[in-house]
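Below is one structure, written out as structure tokens; comments come after it.
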Amino acid sequence: MKKVSVIAAVFGLVVFLSANVNAQQSHDVQINIQQLADLDFSLQNNQEVFDFTTPEQLSDGIGRYVGDYQVKSNRNWRIKVKAQGLQNVQGNVPNNFFQVGLGENPENISNFISLTNSDQDLVQGNKGAGQPNSGKISYKVNPGFEVEPQSYNLQVVYTLSQD
């Protein structure tokens with residue numbers, strides 16, 4: 001009986017000692033996340049054409065939905081906008097000659113921004129993607145009767161930056 005007890009005790013000690021043996025290794029991992037931002041446009045047309053064929057269009061202007069924007073950014077962001085080529089427009093050019101607004105129906109947009117050759121804030125948002133970091137853009141052209149009749153080409157430049 002003593003022999004069985006001694007063997008059981010030794011076996012238990014061996015099991016106990018082997019159960020408490022463990023090994024560890026560690027591995028360092030570095031994760032680098034850059035400041036990332038992407039601005040995507042889904043435009044209705046590659047080039048918008050505003051044809052003024054009636055006196056009412058000259059006085060009232062023509063507005064048009066031109067497309068959607070979407071921002072993906074891992075920091076808060078803002079979009080600035082400007083128009084290049086305004087200096088080529090001849091005549092007494094009204095301040096509201098070319099405007100950009102947020103929305104699909106130009107008739108319902110109350111806060112159009114009159115563009116110049118300098119960047120102006122259009123919209124800003126929080127980091128993320130999808131809604132609410134997307135929206136619709138419309139243009140409105142208001143030549144009035146003082147701008148010389150001819151064809152003018154403007155380039156609208158959107159710049160996405162992170163705060």
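Here's how to read the names in the structure tokens: chain A, B, ... by the order shown, residue numbers from 1 in each chain, ligand numbers from 1 in the order shown.
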Based on DSSP run over this structure's backbone, return all residues of range 11-162 of chain A in helix (DSSP H, G or I), as number ranges by chain.
A: 11-19, 55-60, 86-88, 106-108
What does the file look like for those residues with N, CA and C atoms, as a short mmCIF file (atom, residue, chain, number, x, y, z; two decimals), in the first residue's frame?
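Listing of selection-v9.cif after writing:
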```cif
data_model
loop_
_atom_site.label_atom_id
_atom_site.label_comp_id
_atom_site.auth_asym_id
_atom_site.auth_seq_id
_atom_site.Cartn_x
_atom_site.Cartn_y
_atom_site.Cartn_z
N PHE A 11 3.77 10.44 -9.17
CA PHE A 11 3.05 10.68 -10.42
C PHE A 11 2.31 12.03 -10.35
N GLY A 12 1.67 12.29 -9.21
CA GLY A 12 0.97 13.57 -9.03
C GLY A 12 1.92 14.74 -9.08
N LEU A 13 3.12 14.60 -8.50
CA LEU A 13 4.11 15.65 -8.51
C LEU A 13 4.60 15.90 -9.94
N VAL A 14 4.80 14.82 -10.70
CA VAL A 14 5.23 14.95 -12.09
C VAL A 14 4.15 15.65 -12.91
N VAL A 15 2.89 15.27 -12.73
CA VAL A 15 1.78 15.89 -13.46
C VAL A 15 1.68 17.35 -13.05
N PHE A 16 1.79 17.65 -11.77
CA PHE A 16 1.68 19.01 -11.27
C PHE A 16 2.81 19.87 -11.84
N LEU A 17 4.02 19.36 -11.86
CA LEU A 17 5.15 20.13 -12.37
C LEU A 17 5.03 20.36 -13.87
N SER A 18 4.57 19.37 -14.61
CA SER A 18 4.46 19.55 -16.05
C SER A 18 3.27 20.44 -16.42
N ALA A 19 2.26 20.52 -15.59
CA ALA A 19 1.10 21.36 -15.87
C ALA A 19 1.43 22.83 -15.70
N PRO A 55 -34.22 86.45 -73.24
CA PRO A 55 -33.95 87.53 -72.28
C PRO A 55 -34.27 87.10 -70.83
N GLU A 56 -35.27 86.26 -70.65
CA GLU A 56 -35.62 85.79 -69.30
C GLU A 56 -34.47 84.98 -68.69
N GLN A 57 -33.83 84.16 -69.51
CA GLN A 57 -32.70 83.39 -69.00
C GLN A 57 -31.54 84.30 -68.60
N LEU A 58 -31.31 85.37 -69.38
CA LEU A 58 -30.25 86.31 -69.01
C LEU A 58 -30.54 86.99 -67.68
N SER A 59 -31.78 87.38 -67.45
CA SER A 59 -32.10 88.11 -66.22
C SER A 59 -32.28 87.18 -65.02
N ASP A 60 -32.87 86.00 -65.23
CA ASP A 60 -33.14 85.07 -64.12
C ASP A 60 -31.99 84.11 -63.86
N LEU A 86 -12.51 83.13 -64.90
CA LEU A 86 -13.44 84.25 -64.76
C LEU A 86 -12.86 85.55 -65.31
N GLN A 87 -11.54 85.67 -65.26
CA GLN A 87 -10.90 86.88 -65.75
C GLN A 87 -11.11 87.06 -67.26
N ASN A 88 -11.50 86.00 -67.96
CA ASN A 88 -11.73 86.09 -69.41
C ASN A 88 -13.15 86.55 -69.77
N PRO A 106 -31.79 73.53 -57.94
CA PRO A 106 -31.28 74.91 -57.80
C PRO A 106 -32.34 75.91 -57.34
N GLU A 107 -33.60 75.65 -57.65
CA GLU A 107 -34.67 76.57 -57.24
C GLU A 107 -34.85 76.59 -55.73
N ASN A 108 -34.44 75.52 -55.04
CA ASN A 108 -34.62 75.44 -53.59
C ASN A 108 -33.36 75.73 -52.80
#
```
Gln35 in chain A surroundings by only C-alpha atoms, 12 Å radius, close-in-sequence under 5 positions cut, as a ChimeraX atom specification:
/A:72-77,127,161-163
Can I get the selection written as a compact mmCIF listing (two decimals), in the first residue's frame, with N, CA and C atoms?
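The resulting file, again_18.txt, is shown below:
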```txt
# COMPACT_ATOMS: atom_id res chain seq x y z
N LYS A 72 -14.21 60.51 -48.38
CA LYS A 72 -13.75 59.47 -47.46
C LYS A 72 -12.50 60.03 -46.80
N SER A 73 -12.52 60.14 -45.48
CA SER A 73 -11.40 60.77 -44.80
C SER A 73 -11.28 60.24 -43.38
N ASN A 74 -10.05 60.07 -42.92
CA ASN A 74 -9.85 59.64 -41.55
C ASN A 74 -9.56 60.82 -40.61
N ARG A 75 -9.83 62.02 -41.09
CA ARG A 75 -9.78 63.24 -40.27
C ARG A 75 -10.92 64.14 -40.72
N ASN A 76 -11.27 65.11 -39.89
CA ASN A 76 -12.27 66.10 -40.31
C ASN A 76 -11.75 66.78 -41.57
N TRP A 77 -12.66 67.20 -42.44
CA TRP A 77 -12.29 67.66 -43.77
C TRP A 77 -13.08 68.90 -44.17
N LYS A 127 -14.70 63.08 -39.95
CA LYS A 127 -14.07 61.90 -40.52
C LYS A 127 -15.10 60.79 -40.72
N SER A 161 -9.27 69.20 -48.25
CA SER A 161 -8.18 69.27 -47.28
C SER A 161 -8.69 68.71 -45.95
N GLN A 162 -7.74 68.34 -45.10
CA GLN A 162 -8.08 67.82 -43.78
C GLN A 162 -7.73 68.86 -42.73
N ASP A 163 -8.58 68.96 -41.72
CA ASP A 163 -8.35 69.90 -40.62
C ASP A 163 -7.34 69.34 -39.64
```
Would you kindly return, as a PyMOL selection string, each protein, DNA or RNA residue with an atom no farther than 9 Å from any atom of Thr116 in chain A, considering only C-alpha atoms and excluding same-chain residues fewer than 5 positions away?
chain A and resi 81-84+86+95+98
Top pick for closest residue to Gln44 in chain A, considering A:Gln30, A:Asp68, A:Arg78, A:Gln24 and counting only C-alpha atoms:
A:Asp68
Point-to-point distance in Å for CA of Tyr152 in chain A and CA of Leu122 in chain A:
23.2 Å
If you count only C-alpha atoms, which residues fall within 12 Å of Gln120 in chain A, apart from same-chain ones fewer than 6 positions away, as a CSV table (one decimal) with N, CA and C atoms, in the first residue's frame?
```csv
chain,number,residue,atom,x,y,z
A,78,ARG,N,-12.6,69.5,-45.2
A,78,ARG,CA,-13.4,70.6,-45.9
A,78,ARG,C,-13.1,70.6,-47.4
A,79,ILE,N,-14.1,71.1,-48.1
A,79,ILE,CA,-13.9,71.3,-49.6
A,79,ILE,C,-14.0,72.7,-49.9
A,80,LYS,N,-13.0,73.2,-50.6
A,80,LYS,CA,-12.9,74.6,-51.1
A,80,LYS,C,-13.2,74.6,-52.6
A,81,VAL,N,-13.7,75.7,-53.1
A,81,VAL,CA,-14.0,75.7,-54.5
A,81,VAL,C,-13.6,77.1,-55.1
A,82,LYS,N,-13.2,77.1,-56.3
A,82,LYS,CA,-13.0,78.3,-57.0
A,82,LYS,C,-13.2,78.1,-58.5
A,83,ALA,N,-13.3,79.2,-59.3
A,83,ALA,CA,-13.5,79.1,-60.7
A,83,ALA,C,-12.3,79.7,-61.4
A,99,GLN,N,-22.2,80.6,-59.8
A,99,GLN,CA,-22.4,80.2,-58.4
A,99,GLN,C,-22.5,78.6,-58.2
A,100,VAL,N,-22.1,78.2,-57.0
A,100,VAL,CA,-22.2,76.8,-56.7
A,100,VAL,C,-23.0,76.7,-55.4
A,112,PHE,N,-26.3,79.8,-52.3
A,112,PHE,CA,-25.3,79.6,-53.4
A,112,PHE,C,-24.1,80.4,-53.0
A,113,ILE,N,-22.9,80.0,-53.4
A,113,ILE,CA,-21.7,80.7,-53.2
A,113,ILE,C,-21.2,81.2,-54.6
A,114,SER,N,-21.0,82.5,-54.6
A,114,SER,CA,-20.6,83.2,-55.9
A,114,SER,C,-19.1,82.9,-56.0
A,156,VAL,N,-14.1,74.7,-62.9
A,156,VAL,CA,-14.4,74.7,-61.4
A,156,VAL,C,-13.4,73.8,-60.7
A,157,VAL,N,-12.7,74.3,-59.8
A,157,VAL,CA,-11.7,73.5,-59.1
A,157,VAL,C,-12.1,73.3,-57.6
A,158,TYR,N,-12.2,72.0,-57.3
A,158,TYR,CA,-12.6,71.6,-55.9
A,158,TYR,C,-11.3,71.1,-55.2
A,159,THR,N,-11.1,71.5,-54.0
A,159,THR,CA,-9.9,71.1,-53.3
A,159,THR,C,-10.3,70.5,-51.9
A,160,LEU,N,-10.0,69.3,-51.7
A,160,LEU,CA,-10.3,68.6,-50.4
A,160,LEU,C,-9.0,68.7,-49.5
```
Quick check, in Å to one decimal: how far apart do CA of Val141 in chain A and CA of Thr54 in chain A lie?
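These two atoms are separated by 13.8 Å.
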Extract, using only C-alpha atoms, all DNA, RNA and protein residues at most 12 Å from Phe50 in chain A, discarding same-chain residues fewer than 6 positions from it, and format them as a CSV table (one decimal) with C-alpha atoms, in the first residue's frame.
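Writing the result to out_14.csv gives the following:
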```csv
chain,number,residue,atom,x,y,z
A,57,GLN,CA,-32.7,83.4,-69.0
A,58,LEU,CA,-30.2,86.3,-69.0
A,61,GLY,CA,-30.1,82.9,-64.7
A,62,ILE,CA,-30.0,79.2,-65.4
A,63,GLY,CA,-29.5,76.7,-62.6
A,64,ARG,CA,-28.7,73.0,-62.9
A,65,TYR,CA,-27.9,70.0,-60.8
A,66,VAL,CA,-24.5,68.8,-61.9
A,98,PHE,CA,-21.2,81.9,-61.5
A,139,TYR,CA,-24.5,75.4,-60.5
A,140,LYS,CA,-26.2,78.7,-61.4
A,141,VAL,CA,-25.1,81.1,-64.0
A,142,ASN,CA,-26.4,84.7,-63.9
A,143,PRO,CA,-25.0,86.8,-66.7
A,150,GLN,CA,-19.7,85.0,-76.6
A,151,SER,CA,-18.7,81.6,-75.4
A,152,TYR,CA,-16.8,81.4,-72.1
A,153,ASN,CA,-15.0,78.4,-70.6
A,154,LEU,CA,-14.5,78.1,-66.9
```
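The space separating CA of Asn126 in chain A from CA of Asn105 in chain A comes to 24.8 Å.
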Please run DSSP on the backbone and report, as a ChimeraX atom specification, all residues within range 31-121 of chain A that come out as strand (DSSP E).
/A:37-43,62-73,77-84,98-102,113-114,120-121
